[in-house]
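Participant: One structure coming up, written as structure tokens, with questions to follow.
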Amino acid sequence: MDAATWTSDEWLSQAQAWLDEQLAAAGTERVGELAQPRVRAWGTVLRADTTAGPVWLKAPGPATVFEVPLYRLLATLVPRFVLDPIAVDIERGWVLLPDGGPTLREQMGERDLSEVMARVLPQYAELQLELQPHAEDLLAAGVTDMRPAVMPQRFDEALEVTGRYAEASGDAEAKERHEWIAGQRAEFTARCTDLPDRASLDHNDLHTNNILGGPGDSVRFYDWGDSVLAHSFSSMLIPLLALTKLLDVGPDDELVRRPRDAYLEVFGNPAELVAELDLACWIGKVARALVWERSLHGDPGEYADAPLETLWSLRMNSWQFPA
């Protein structure tokens, strides 16, 4: 699938027919025209108003189509944290979701981002704890295995990606960075053995626009197309980076440490877990690079250098990226 397919009259007609059929089965109906607010290299989203409120049909691309069965699984295992699909079509790779209301980003206003995330991140930690016994179910749904034991293999896969990019770009700096990354394999492999078994679902793109609910409410998490099965703490890579960037503070600032420690408290004593979190996020950068590749495969566009830049950040020995 690609943007040309997703915007074709034939595909849109089929999607509309399926959507209307599923709405009828759920006891409601569409009112007004179908809208297509987003078309990306990694998928498309359709929106429809209905007699019961807005609904969303998501069609992920082939590399992230696991998101469709994953929604159904999560609605079964952790229903309080996710949207419950109205319908899924595994063969076509479509999921029909109810509207979850405004995102956290849309409702933030002047509220303290650090304070809000200190409330939200523990909820995500609770989701992860509930999912820890279900690693095999997540794999069966199609979630990619990025647990520490397989990460040396994933490092090699990511290195192939950056090698192709460096060669195709003809950029001397890109080639130098790729060569430096290749030289880190032995250290990376050794450090993977230092992480305990704490595998769960890593959203891999956990920011305020992928969280539904207000700053004072219980929230729900959505947009699972980047997720992987990994050490739980690697899921903090994106939230912590976002905090430093949006608040314009350093990684050791209290505004960053407060939500980080609130997350870790769900698992134990934060002071005893910080080093584990730093290592999990450092190793998780390889997973992040591969997530970029699978999302953009075939149409990298402006993000073509994202896997290389992500691996280049391995020179920072934690979740941090170069300034």
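Following the order of the structure tokens, chains are lettered A, B, ..., residues in each are numbered from 1, and ligands are numbered from 1.
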Any chance you could tabulate, as a Markdown table, the residues of segment 163-279 of chain A at most 9 Å from segment 54-68 of chain A with each one's nearest atom pair and distance in Å to one decimal, using only C-alpha atoms, in chain and rising number order?

Facilitator:
| residue | atom | partner | partner_atom | distance |
| --- | --- | --- | --- | --- |
| A:Asp223 | CA | A:Glu67 | CA | 8.2 |
| A:Trp224 | CA | A:Glu67 | CA | 5.9 |
| A:Gly225 | CA | A:Glu67 | CA | 5.4 |
| A:Asp226 | CA | A:Thr64 | CA | 7.4 |
| A:Ser227 | CA | A:Glu67 | CA | 8.4 |

Participant: Leaving out segment 228-232 of chain A and any residue of its chain fewer than 2 positions from it, which residues lie within 9 Å of it when counting only C-alpha atoms, given as a compact mmCIF listing (two decimals) with N, CA and C atoms, in the first residue's frame?

Facilitator:
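out-v7.txt was written with the following content:
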# COMPACT_ATOMS: atom_id res chain seq x y z
N ALA A 125 3.27 3.06 32.99
CA ALA A 125 4.00 2.01 33.70
C ALA A 125 3.05 0.92 34.17
N GLN A 128 2.26 -1.30 31.36
CA GLN A 128 3.37 -2.20 31.06
C GLN A 128 3.44 -3.36 32.05
N LEU A 129 3.22 -3.08 33.33
CA LEU A 129 3.24 -4.15 34.32
C LEU A 129 2.17 -5.19 34.03
N GLN A 132 3.34 -7.42 31.09
CA GLN A 132 4.57 -8.20 31.19
C GLN A 132 4.35 -9.71 31.09
N ALA A 135 4.05 -11.43 26.93
CA ALA A 135 5.02 -11.19 25.85
C ALA A 135 4.73 -12.06 24.63
N LEU A 138 1.87 -10.72 22.60
CA LEU A 138 2.26 -9.55 21.82
C LEU A 138 3.02 -9.96 20.57
N LEU A 139 3.92 -10.93 20.72
CA LEU A 139 4.66 -11.42 19.55
C LEU A 139 3.71 -12.07 18.55
N VAL A 143 3.93 -7.92 16.97
CA VAL A 143 4.84 -6.92 17.52
C VAL A 143 6.28 -7.45 17.39
N THR A 144 7.19 -6.61 16.95
CA THR A 144 8.57 -7.02 16.72
C THR A 144 9.31 -7.21 18.04
N ASP A 145 10.09 -8.27 18.10
CA ASP A 145 10.87 -8.59 19.29
C ASP A 145 12.11 -7.71 19.34
N MET A 146 12.18 -6.84 20.33
CA MET A 146 13.35 -5.98 20.56
C MET A 146 13.85 -6.17 22.00
N ARG A 147 13.67 -7.36 22.54
CA ARG A 147 14.17 -7.64 23.88
C ARG A 147 15.70 -7.69 23.87
N PRO A 148 16.33 -7.43 25.01
CA PRO A 148 17.80 -7.33 25.02
C PRO A 148 18.53 -8.49 24.37
N LEU A 195 21.10 -5.92 31.06
CA LEU A 195 19.71 -5.59 31.36
C LEU A 195 18.95 -6.81 31.86
N PRO A 196 18.20 -6.65 32.96
CA PRO A 196 17.37 -7.76 33.44
C PRO A 196 16.15 -7.95 32.53
N ASP A 197 15.49 -9.08 32.72
CA ASP A 197 14.30 -9.37 31.93
C ASP A 197 13.12 -8.58 32.49
N ARG A 198 12.74 -7.53 31.79
CA ARG A 198 11.63 -6.68 32.21
C ARG A 198 10.83 -6.29 30.97
N ALA A 199 10.59 -7.25 30.10
CA ALA A 199 10.01 -6.96 28.79
C ALA A 199 8.53 -6.63 28.87
N SER A 200 8.13 -5.65 28.08
CA SER A 200 6.72 -5.30 27.93
C SER A 200 6.58 -4.49 26.64
N LEU A 201 5.45 -3.87 26.47
CA LEU A 201 5.19 -3.11 25.25
C LEU A 201 5.80 -1.71 25.35
N ASP A 202 6.67 -1.42 24.42
CA ASP A 202 7.29 -0.10 24.30
C ASP A 202 6.56 0.64 23.19
N HIS A 203 5.82 1.67 23.54
CA HIS A 203 5.06 2.45 22.56
C HIS A 203 5.97 3.01 21.49
N ASN A 204 7.16 3.45 21.88
CA ASN A 204 8.22 3.92 20.99
C ASN A 204 7.96 5.29 20.39
N TRP A 224 -0.36 2.91 18.00
CA TRP A 224 0.58 1.87 18.41
C TRP A 224 1.45 1.36 17.26
N GLY A 225 1.49 2.05 16.15
CA GLY A 225 2.21 1.55 14.98
C GLY A 225 3.72 1.51 15.12
N ASP A 226 4.27 2.24 16.10
CA ASP A 226 5.72 2.23 16.31
C ASP A 226 6.13 1.25 17.41
N SER A 234 12.74 1.29 28.11
CA SER A 234 13.12 1.93 26.84
C SER A 234 12.01 2.84 26.33
N SER A 235 10.80 2.64 26.83
CA SER A 235 9.68 3.48 26.41
C SER A 235 9.83 4.92 26.88
N MET A 236 10.77 5.19 27.78
CA MET A 236 10.98 6.55 28.28
C MET A 236 11.89 7.38 27.37
N LEU A 277 17.29 2.34 33.59
CA LEU A 277 16.52 3.11 32.61
C LEU A 277 17.45 3.71 31.56
N ALA A 280 18.55 0.93 29.25
CA ALA A 280 17.44 0.45 28.41
C ALA A 280 17.16 1.42 27.27
N CYS A 281 17.19 2.72 27.57
CA CYS A 281 16.94 3.72 26.53
C CYS A 281 18.09 3.78 25.54
N GLY A 284 17.65 0.95 23.43
CA GLY A 284 16.42 1.18 22.67
C GLY A 284 16.59 2.09 21.48
N ALA A 287 16.39 0.03 18.42
CA ALA A 287 15.00 -0.27 18.07
C ALA A 287 14.34 0.94 17.41
N VAL A 291 12.54 1.21 13.82
CA VAL A 291 11.15 1.65 13.70
C VAL A 291 11.04 2.75 12.65

Participant: Give me, as a PyMOL selection string, the residues of segment 111-236 of chain A that a backbone DSSP run labels strand (DSSP E).

Facilitator: chain A and resi 144-145+199-202+211-212+220-221+228-231

Participant: Those selected residues, please, written with N, CA, C and O atoms and delivered as a compact mmCIF listing (two decimals), in the first residue's frame.

Facilitator:
# COMPACT_ATOMS: atom_id res chain seq x y z
N THR A 144 7.19 -6.61 16.95
CA THR A 144 8.57 -7.02 16.72
C THR A 144 9.31 -7.21 18.04
O THR A 144 9.19 -6.40 18.96
N ASP A 145 10.09 -8.27 18.10
CA ASP A 145 10.87 -8.59 19.29
C ASP A 145 12.11 -7.71 19.34
O ASP A 145 13.00 -7.80 18.50
N ALA A 199 10.59 -7.25 30.10
CA ALA A 199 10.01 -6.96 28.79
C ALA A 199 8.53 -6.63 28.87
O ALA A 199 7.77 -7.25 29.62
N SER A 200 8.13 -5.65 28.08
CA SER A 200 6.72 -5.30 27.93
C SER A 200 6.58 -4.49 26.64
O SER A 200 7.50 -4.43 25.83
N LEU A 201 5.45 -3.87 26.47
CA LEU A 201 5.19 -3.11 25.25
C LEU A 201 5.80 -1.71 25.35
O LEU A 201 5.49 -0.95 26.26
N ASP A 202 6.67 -1.42 24.42
CA ASP A 202 7.29 -0.10 24.30
C ASP A 202 6.56 0.64 23.19
O ASP A 202 6.66 0.27 22.03
N ILE A 211 -1.56 10.62 23.45
CA ILE A 211 -2.20 10.34 24.72
C ILE A 211 -3.54 11.05 24.73
O ILE A 211 -3.63 12.25 24.43
N LEU A 212 -4.59 10.34 25.05
CA LEU A 212 -5.94 10.88 25.06
C LEU A 212 -6.39 11.11 26.50
O LEU A 212 -6.20 10.26 27.36
N ARG A 220 -5.73 7.51 28.13
CA ARG A 220 -5.62 6.33 27.28
C ARG A 220 -4.55 6.60 26.24
O ARG A 220 -4.36 7.72 25.80
N PHE A 221 -3.87 5.54 25.86
CA PHE A 221 -2.75 5.64 24.93
C PHE A 221 -3.15 5.05 23.59
O PHE A 221 -3.85 4.05 23.52
N VAL A 228 7.04 -1.85 19.97
CA VAL A 228 7.86 -3.06 19.92
C VAL A 228 7.81 -3.73 21.29
O VAL A 228 7.39 -3.12 22.28
N LEU A 229 8.22 -4.99 21.33
CA LEU A 229 8.39 -5.68 22.60
C LEU A 229 9.83 -5.47 23.05
O LEU A 229 10.77 -5.91 22.37
N ALA A 230 10.01 -4.79 24.18
CA ALA A 230 11.36 -4.42 24.60
C ALA A 230 11.41 -4.31 26.12
O ALA A 230 10.39 -4.48 26.80
N HIS A 231 12.59 -4.02 26.64
CA HIS A 231 12.69 -3.70 28.06
C HIS A 231 11.76 -2.53 28.35
O HIS A 231 11.75 -1.53 27.62

Participant: Rounded to one decimal, what separation in Å do you get between atom CA of Glu157 of chain A and atom CA of Asp278 of chain A?

Facilitator: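 Computed distance, atom CA of Glu157 of chain A to atom CA of Asp278 of chain A, equals 22.5 Å.
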
Participant: When distances are computed from only C-alpha atoms, which of A:Asp89, A:Glu167, A:Asp2, A:Asp112 shows the smallest separation from Ala41 of chain A?

Facilitator: A:Asp2

Participant: Please provide the set of residues having any atom within 12 Å of Glu160 of chain A, restricted to only C-alpha atoms, with same-chain residues fewer than 4 positions apart removed, written as an MDAnalysis selection string.

Facilitator: chainID A and resid 153:156 164:167 178:179 181:182 286 289:290 293 307:308 311

Participant: Nearest to Arg40 of chain A: which of A:Leu97, A:Glu126, A:Ala3, A:Leu23 is it, counting only C-alpha atoms?

Facilitator: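 Smallest distance to Arg40 of chain A is found for A:Ala3.
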